[in-house]
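Listing of target.pdb; format and content: PDB, C-alpha atoms, pLDDT in the B column.
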```pdb
ATOM      1  CA  MET T 292     102.238 122.541 115.798  1.00 36.00           C
ATOM      2  CA  THR T 293     104.350 122.240 118.849  1.00 36.00           C
ATOM      3  CA  SER T 294     108.072 122.596 118.848  1.00 37.00           C
ATOM      4  CA  GLY T 295     109.970 120.222 121.068  1.00 38.00           C
ATOM      5  CA  ALA T 296     111.743 122.917 123.056  1.00 38.00           C
ATOM      6  CA  SER T 297     109.324 125.783 123.500  1.00 37.00           C
ATOM      7  CA  GLY T 298     105.954 124.061 123.381  1.00 37.00           C
ATOM      8  CA  ALA T 299     104.530 127.090 121.579  1.00 37.00           C
ATOM      9  CA  ARG T 300     102.004 126.413 118.847  1.00 34.00           C
ATOM     10  CA  GLY T 301     103.103 127.099 115.304  1.00 37.00           C
ATOM     11  CA  GLU T 302     106.757 127.605 116.208  1.00 35.00           C
ATOM     12  CA  ARG T 303     109.771 125.508 115.414  1.00 32.00           C
ATOM     13  CA  ALA T 304     113.362 125.776 116.539  1.00 35.00           C
ATOM     14  CA  GLY T 305     115.492 127.631 114.001  1.00 34.00           C
ATOM     15  CA  GLY T 306     116.598 125.303 111.224  1.00 35.00           C
ATOM     16  CA  ALA T 307     114.550 122.366 112.511  1.00 34.00           C
ATOM     17  CA  ALA T 308     112.995 120.181 109.855  1.00 37.00           C
ATOM     18  CA  PRO T 309     109.205 120.074 109.755  1.00 37.00           C
ATOM     19  CA  SER T 310     107.524 117.300 111.658  1.00 39.00           C
ATOM     20  CA  HIS T 311     106.217 114.483 109.488  1.00 39.00           C
ATOM     21  CA  ASN T 312     102.832 115.167 111.083  1.00 38.00           C
ATOM     22  CA  GLU T 313     102.659 118.827 110.030  1.00 38.00           C
ATOM     23  CA  ALA T 314      99.316 119.297 108.343  1.00 39.00           C
ATOM     24  CA  SER T 315     100.219 122.793 107.151  1.00 37.00           C
ATOM     25  CA  VAL T 316     102.778 121.469 104.681  1.00 40.00           C
ATOM     26  CA  PHE T 317     100.728 118.869 102.811  1.00 44.00           C
ATOM     27  CA  GLY T 318      97.499 120.842 102.998  1.00 45.00           C
ATOM     28  CA  ARG T 319      98.561 123.784 100.835  1.00 46.00           C
ATOM     29  CA  GLY T 320      96.158 124.076  97.947  1.00 50.00           C
ATOM     30  CA  ALA T 321      94.571 120.707  98.648  1.00 53.00           C
ATOM     31  CA  PRO T 322      91.233 120.574 100.427  1.00 60.00           C
ATOM     32  CA  PRO T 323      90.983 117.653 102.836  1.00 63.00           C
ATOM     33  CA  GLY T 324      90.033 114.448 101.082  1.00 68.00           C
ATOM     34  CA  ASP T 325      90.061 115.821  97.532  1.00 80.00           C
ATOM     35  CA  TRP T 326      90.407 112.556  95.562  1.00 86.00           C
ATOM     36  CA  PRO T 327      87.845 111.973  92.779  1.00 87.00           C
ATOM     37  CA  GLU T 328      84.259 111.134  93.708  1.00 87.00           C
ATOM     38  CA  GLY T 329      82.934 107.659  93.052  1.00 89.00           C
ATOM     39  CA  ARG T 330      86.016 105.672  94.002  1.00 92.00           C
ATOM     40  CA  PRO T 331      88.228 105.123  97.019  1.00 93.00           C
ATOM     41  CA  PRO T 332      91.594 106.868  97.180  1.00 94.00           C
ATOM     42  CA  ARG T 333      94.422 104.819  95.688  1.00 93.00           C
ATOM     43  CA  LEU T 334      97.576 104.742  97.791  1.00 93.00           C
ATOM     44  CA  THR T 335     101.057 103.631  96.797  1.00 92.00           C
ATOM     45  CA  LEU T 336     103.086 102.283  99.725  1.00 91.00           C
ATOM     46  CA  ASP T 337     106.780 102.915 100.164  1.00 91.00           C
ATOM     47  CA  THR T 338     108.854 100.221 101.872  1.00 86.00           C
ATOM     48  CA  SER T 339     109.089 102.419 104.969  1.00 87.00           C
ATOM     49  CA  ALA T 340     105.286 102.341 105.327  1.00 88.00           C
ATOM     50  CA  LEU T 341     105.071  98.545 105.555  1.00 84.00           C
ATOM     51  CA  ASN T 342     103.517  97.962 108.956  1.00 81.00           C
ATOM     52  CA  ALA T 343     104.560  94.354 109.505  1.00 75.00           C
ATOM     53  CA  ARG T 344     104.463  94.532 113.286  1.00 80.00           C
ATOM     54  CA  GLY T 345     101.286  96.598 113.431  1.00 83.00           C
ATOM     55  CA  SER T 346     103.169  99.231 115.415  1.00 86.00           C
ATOM     56  CA  ILE T 347     102.258 102.275 113.306  1.00 89.00           C
ATOM     57  CA  PRO T 348      98.824 103.428 114.525  1.00 94.00           C
ATOM     58  CA  ALA T 349      98.041 105.501 111.425  1.00 94.00           C
ATOM     59  CA  MET T 350      98.958 102.570 109.144  1.00 92.00           C
ATOM     60  CA  ASN T 351      96.745 100.300 111.242  1.00 92.00           C
ATOM     61  CA  ARG T 352      93.929 102.728 110.438  1.00 95.00           C
ATOM     62  CA  VAL T 353      94.830 102.827 106.723  1.00 93.00           C
ATOM     63  CA  GLU T 354      94.941  99.018 106.601  1.00 91.00           C
ATOM     64  CA  ARG T 355      91.539  98.849 108.290  1.00 92.00           C
ATOM     65  CA  TRP T 356      90.170 101.228 105.652  1.00 94.00           C
ATOM     66  CA  ALA T 357      91.661  98.957 102.973  1.00 91.00           C
ATOM     67  CA  GLU T 358      89.960  95.912 104.510  1.00 89.00           C
ATOM     68  CA  GLU T 359      86.678  97.860 104.489  1.00 92.00           C
ATOM     69  CA  GLY T 360      87.175  98.841 100.832  1.00 92.00           C
ATOM     70  CA  LYS T 361      87.528 102.530 101.674  1.00 94.00           C
ATOM     71  CA  VAL T 362      91.053 102.797 100.228  1.00 92.00           C
ATOM     72  CA  VAL T 363      93.030 100.788  97.677  1.00 91.00           C
ATOM     73  CA  LEU T 364      96.633  99.949  98.523  1.00 90.00           C
ATOM     74  CA  TYR T 365      99.269  99.387  95.862  1.00 90.00           C
ATOM     75  CA  VAL T 366     102.635  97.873  96.746  1.00 86.00           C
ATOM     76  CA  PRO T 367     104.999  98.346  93.794  1.00 85.00           C
ATOM     77  CA  PRO T 368     107.064  95.331  92.737  1.00 82.00           C
ATOM     78  CA  GLU T 369     110.181  97.253  93.814  1.00 82.00           C
ATOM     79  CA  VAL T 370     108.861  97.467  97.382  1.00 79.00           C
ATOM     80  CA  THR T 371     108.126  93.745  97.471  1.00 75.00           C
ATOM     81  CA  ALA T 372     111.562  92.989  96.004  1.00 76.00           C
ATOM     82  CA  GLU T 373     113.285  95.252  98.542  1.00 75.00           C
ATOM     83  CA  ALA T 374     111.452  93.606 101.427  1.00 70.00           C
ATOM     84  CA  GLU T 375     112.315  90.145 100.112  1.00 68.00           C
ATOM     85  CA  ALA T 376     115.973  91.110  99.595  1.00 70.00           C
ATOM     86  CA  HIS T 377     116.255  91.620 103.340  1.00 61.00           C
ATOM     87  CA  LEU T 378     114.735  88.270 104.324  1.00 55.00           C
ATOM     88  CA  GLY T 379     117.970  87.193 106.003  1.00 56.00           C
ATOM     89  CA  GLY T 380     117.900  90.128 108.393  1.00 55.00           C
ATOM     90  CA  LYS T 381     116.428  89.731 111.847  1.00 48.00           C
ATOM     91  CA  GLY T 382     112.663  90.175 111.715  1.00 48.00           C
ATOM     92  CA  ARG T 383     112.670  91.020 107.993  1.00 49.00           C
ATOM     93  CA  ALA T 384     110.645  88.004 106.839  1.00 48.00           C
ATOM     94  CA  MET T 385     107.509  89.645 108.207  1.00 51.00           C
ATOM     95  CA  TYR T 386     108.096  92.711 106.004  1.00 48.00           C
ATOM     96  CA  ALA T 387     108.289  90.598 102.854  1.00 49.00           C
ATOM     97  CA  GLY T 388     105.123  88.784 103.927  1.00 51.00           C
ATOM     98  CA  LYS T 389     103.383  92.097 104.575  1.00 52.00           C
ATOM     99  CA  ALA T 390     104.404  93.425 101.159  1.00 49.00           C
ATOM    100  CA  ARG T 391     103.079  90.289  99.458  1.00 52.00           C
ATOM    101  CA  SER T 392      99.823  90.348 101.447  1.00 52.00           C
ATOM    102  CA  LEU T 393      99.102  93.966 100.495  1.00 53.00           C
ATOM    103  CA  HIS T 394     100.067  93.613  96.833  1.00 50.00           C
ATOM    104  CA  GLY T 395      97.388  94.981  94.580  1.00 50.00           C
ATOM    105  CA  GLY T 396      95.782  98.232  93.554  1.00 43.00           C
ATOM    106  CA  GLY T 397      96.955  98.283  89.980  1.00 44.00           C
ATOM    107  CA  GLU T 398      99.722  97.042  87.792  1.00 48.00           C
ATOM    108  CA  ALA T 399     102.159  98.880  85.603  1.00 47.00           C
ATOM    109  CA  ALA T 400     104.530  97.315  83.123  1.00 56.00           C
ATOM    110  CA  GLY T 401     106.700 100.359  83.559  1.00 67.00           C
ATOM    111  CA  ALA T 402     106.574 104.097  83.740  1.00 71.00           C
ATOM    112  CA  PRO T 403     106.718 106.207  80.568  1.00 76.00           C
ATOM    113  CA  ALA T 404     110.202 106.954  79.258  1.00 74.00           C
ATOM    114  CA  GLY T 405     111.809 109.837  81.093  1.00 90.00           C
ATOM    115  CA  LEU T 406     109.508 109.760  84.110  1.00 92.00           C
ATOM    116  CA  GLU T 407     111.939 107.804  86.288  1.00 92.00           C
ATOM    117  CA  GLU T 408     114.698 110.290  85.434  1.00 94.00           C
ATOM    118  CA  GLU T 409     112.367 113.199  86.231  1.00 94.00           C
ATOM    119  CA  MET T 410     111.571 111.731  89.656  1.00 95.00           C
ATOM    120  CA  ALA T 411     115.283 111.093  90.315  1.00 95.00           C
ATOM    121  CA  ALA T 412     116.058 114.729  89.498  1.00 94.00           C
ATOM    122  CA  VAL T 413     113.437 115.863  92.020  1.00 94.00           C
ATOM    123  CA  LEU T 414     114.606 113.553  94.811  1.00 94.00           C
ATOM    124  CA  PHE T 415     118.341 113.761  94.197  1.00 94.00           C
ATOM    125  CA  PRO T 416     118.987 117.072  92.429  1.00 93.00           C
ATOM    126  CA  HIS T 417     122.721 117.073  93.162  1.00 93.00           C
ATOM    127  CA  THR T 418     123.382 113.561  91.864  1.00 93.00           C
ATOM    128  CA  ARG T 419     124.058 112.937  88.193  1.00 92.00           C
ATOM    129  CA  PRO T 420     121.875 110.207  86.645  1.00 88.00           C
ATOM    130  CA  GLY T 421     124.833 107.863  86.109  1.00 91.00           C
ATOM    131  CA  GLU T 422     125.871 108.215  89.750  1.00 95.00           C
ATOM    132  CA  LEU T 423     122.562 107.234  91.366  1.00 95.00           C
ATOM    133  CA  THR T 424     122.777 104.391  93.859  1.00 95.00           C
ATOM    134  CA  PRO T 425     120.551 101.330  93.400  1.00 92.00           C
ATOM    135  CA  GLY T 426     118.368 102.603  96.258  1.00 90.00           C
ATOM    136  CA  GLN T 427     118.015 106.030  94.658  1.00 93.00           C
ATOM    137  CA  ARG T 428     117.061 104.461  91.325  1.00 92.00           C
ATOM    138  CA  ARG T 429     114.513 102.268  93.131  1.00 90.00           C
ATOM    139  CA  ASP T 430     112.962 105.301  94.868  1.00 93.00           C
ATOM    140  CA  ALA T 431     112.683 107.136  91.537  1.00 93.00           C
ATOM    141  CA  ARG T 432     111.172 104.056  89.864  1.00 91.00           C
ATOM    142  CA  ILE T 433     108.586 103.653  92.656  1.00 92.00           C
ATOM    143  CA  LEU T 434     107.487 107.284  92.275  1.00 94.00           C
ATOM    144  CA  ALA T 435     107.398 106.996  88.487  1.00 93.00           C
ATOM    145  CA  LEU T 436     105.147 103.927  88.770  1.00 91.00           C
ATOM    146  CA  HIS T 437     102.951 105.733  91.305  1.00 93.00           C
ATOM    147  CA  ARG T 438     102.497 108.664  88.953  1.00 92.00           C
ATOM    148  CA  SER T 439     101.964 106.536  85.846  1.00 90.00           C
ATOM    149  CA  LEU T 440      99.212 104.600  87.648  1.00 89.00           C
ATOM    150  CA  GLY T 441      97.484 107.854  88.601  1.00 90.00           C
ATOM    151  CA  ASN T 442      97.330 106.900  92.273  1.00 92.00           C
ATOM    152  CA  ASP T 443      96.268 109.624  94.673  1.00 94.00           C
ATOM    153  CA  VAL T 444      98.801 109.491  97.517  1.00 96.00           C
ATOM    154  CA  PHE T 445     102.304 108.118  97.979  1.00 96.00           C
ATOM    155  CA  LEU T 446     102.530 106.922 101.613  1.00 96.00           C
ATOM    156  CA  THR T 447     105.960 106.956 103.235  1.00 95.00           C
ATOM    157  CA  LEU T 448     107.643 107.284 106.590  1.00 94.00           C
ATOM    158  CA  ASP T 449     110.906 108.201 104.839  1.00 94.00           C
ATOM    159  CA  THR T 450     110.515 111.934 105.254  1.00 94.00           C
ATOM    160  CA  ARG T 451     114.207 112.555 104.583  1.00 93.00           C
ATOM    161  CA  HIS T 452     114.056 111.324 100.990  1.00 92.00           C
ATOM    162  CA  PHE T 453     110.473 112.158  99.983  1.00 94.00           C
ATOM    163  CA  ILE T 454     109.227 115.091 102.065  1.00 94.00           C
ATOM    164  CA  GLN T 455     111.927 117.275 103.616  1.00 93.00           C
ATOM    165  CA  LYS T 456     113.985 120.020 101.959  1.00 92.00           C
ATOM    166  CA  GLY T 457     111.211 120.994  99.558  1.00 92.00           C
ATOM    167  CA  ARG T 458     110.889 117.544  98.012  1.00 93.00           C
ATOM    168  CA  ARG T 459     107.192 117.277  98.878  1.00 94.00           C
ATOM    169  CA  GLU T 460     106.445 120.529  97.080  1.00 95.00           C
ATOM    170  CA  ARG T 461     108.593 119.623  94.043  1.00 94.00           C
ATOM    171  CA  LEU T 462     106.867 116.236  93.823  1.00 95.00           C
ATOM    172  CA  ALA T 463     103.447 117.896  94.148  1.00 93.00           C
ATOM    173  CA  ALA T 464     104.322 120.174  91.229  1.00 93.00           C
ATOM    174  CA  ARG T 465     104.806 116.977  89.201  1.00 92.00           C
ATOM    175  CA  GLY T 466     101.562 115.337  90.267  1.00 91.00           C
ATOM    176  CA  VAL T 467     102.827 113.274  93.214  1.00 94.00           C
ATOM    177  CA  ARG T 468     101.254 113.858  96.625  1.00 95.00           C
ATOM    178  CA  ALA T 469     103.607 112.427  99.281  1.00 96.00           C
ATOM    179  CA  MET T 470     102.299 112.006 102.825  1.00 96.00           C
ATOM    180  CA  THR T 471     103.058 110.054 105.945  1.00 96.00           C
ATOM    181  CA  PRO T 472     100.361 107.635 107.125  1.00 95.00           C
ATOM    182  CA  ALA T 473      99.487 110.052 109.949  1.00 96.00           C
ATOM    183  CA  GLU T 474      99.093 112.914 107.488  1.00 95.00           C
ATOM    184  CA  PHE T 475      96.911 110.810 105.218  1.00 95.00           C
ATOM    185  CA  ALA T 476      94.715 109.747 108.145  1.00 94.00           C
ATOM    186  CA  ALA T 477      94.282 113.404 109.148  1.00 93.00           C
ATOM    187  CA  TRP T 478      93.694 114.525 105.543  1.00 92.00           C
ATOM    188  CA  ALA T 479      91.253 111.778 104.546  1.00 93.00           C
ATOM    189  CA  GLY T 480      89.822 110.603 107.849  1.00 90.00           C
ATOM    190  CA  GLU T 481      86.727 112.790 107.948  1.00 88.00           C
ATOM    191  CA  ARG T 482      85.647 111.807 104.445  1.00 89.00           C
ATOM    192  CA  LEU T 483      86.435 108.107 104.946  1.00 91.00           C
ATOM    193  CA  GLU T 484      84.837 107.857 108.378  1.00 88.00           C
ATOM    194  CA  GLY T 485      81.867 110.089 107.565  1.00 75.00           C
TER     195      GLY T 485
END
```
Conversion result in structure tokens:
Amino acid sequence: MTSGASGARGERAGGAAPSHNEASVFGRGAPPGDWPEGRPPRLTLDTSALNARGSIPAMNRVERWAEEGKVVLYVPPEVTAEAEAHLGGKGRAMYAGKARSLHGGGEAAGAPAGLEEEMAAVLFPHTRPGELTPGQRRDARILALHRSLGNDVFLTLDTRHFIQKGRRERLAARGVRAMTPAEFAAWAGERLEG
């Protein structure tokens, strides 16, 4: 890895957050491409990973794999609802359309009781359950659905809420593998392309 200031490999400025492309973080204990044999990996998309403009190269690759049947994409109802809630915003209609076009990959009536609260405690450990914002509750619900479906990877570009400050590791301990699209492409690319 290259730090922005020094350019040295494997170094990072003191206190700097890990890059969302850092393979060393998501790779601990997980061999590349370790989803079950006999089926494509199932991916849950976060709202931040919607690639409506086609401007995220790694998501372009993931979407191509989905078109080829190499991965299955699941867009939770909460993601579609969030995208549609912002239809009035400039350029937001395309995000709602993207969410609707990718919808699939499994359905869940709801996560098991307690799972949403467990995910909220991981993501927002300093916030009491009754004080969660609607967005925080939505994030916890999306992860709870992801886990209850048994999907393999939660794809997000929102590293602040799902990856940084030990969240990735705490989620992994609860059966949720969170990655950015670039990390997923690096992790799964050899097996999917091979």
When you look at segment 414-428 of chain T with a cut-off of 7 Å (counting only C-alpha atoms), what residues show up, excluding the ones that are within fewer than 6 positions of it in the same chain? I need them as a PyMOL selection string. chain T and resi 452-453+458
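Selection check: the PyMOL selection byres ((chain T and resi 325-337) around 7) on the shown file gives Ala321, Pro322, Pro323, Gly324, Thr338, Ser339, Ala340, Lys361, Val362, Val363, Leu364, Tyr365, Val366, Val370, His437, Asn442, Asp443, Val444, Phe445, Leu446 and Thr447 of chain T.
In this model, the gap between atom CA of Ala412 of chain T and atom CA of Arg432 of chain T comes to 11.7 Å.
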Please measure the separation of atom CA of Ala431 of chain T and atom CA of Ala464 of chain T, giving the value in Å to one decimal. 15.5 Å
So how many Å separate atom CA of Val467 of chain T and atom CA of Gly441 of chain T, to one decimal? 8.9 Å
So that I can check the surroundings of Arg465 of chain T, please list as a tab-separated table (two decimals) with C-alpha atoms, in the frame of the given file every protein, DNA and RNA residue that reaches within 12 Å of it, counting all atoms listed in the file and ignoring chain neighbours fewer than 4 positions away.
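Result went into selection_2.tsv, see below:
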```tsv
chain	number	residue	atom	x	y	z
T	406	LEU	CA	109.51	109.76	84.11
T	407	GLU	CA	111.94	107.80	86.29
T	409	GLU	CA	112.37	113.20	86.23
T	410	MET	CA	111.57	111.73	89.66
T	412	ALA	CA	116.06	114.73	89.50
T	413	VAL	CA	113.44	115.86	92.02
T	414	LEU	CA	114.61	113.55	94.81
T	434	LEU	CA	107.49	107.28	92.28
T	435	ALA	CA	107.40	107.00	88.49
T	437	HIS	CA	102.95	105.73	91.30
T	438	ARG	CA	102.50	108.66	88.95
T	439	SER	CA	101.96	106.54	85.85
T	441	GLY	CA	97.48	107.85	88.60
T	458	ARG	CA	110.89	117.54	98.01
T	459	ARG	CA	107.19	117.28	98.88
T	460	GLU	CA	106.44	120.53	97.08
T	461	ARG	CA	108.59	119.62	94.04
T	469	ALA	CA	103.61	112.43	99.28
```
Residues near Pro472 of chain T, cut-off 9 Å, only C-alpha atoms, skip fewer than 6 positions along chain, as a VMD selection string: chain T and resid 312 340 347 to 350 352 to 353 446 to 448
Would you mind telling me which residue in T:Ala477, T:Ile433, T:Leu440, T:Ala402 lies nearest to Ala372 of chain T when using only C-alpha atoms?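 With only C-alpha atoms as the atom set, the closest residue is T:Ile433.
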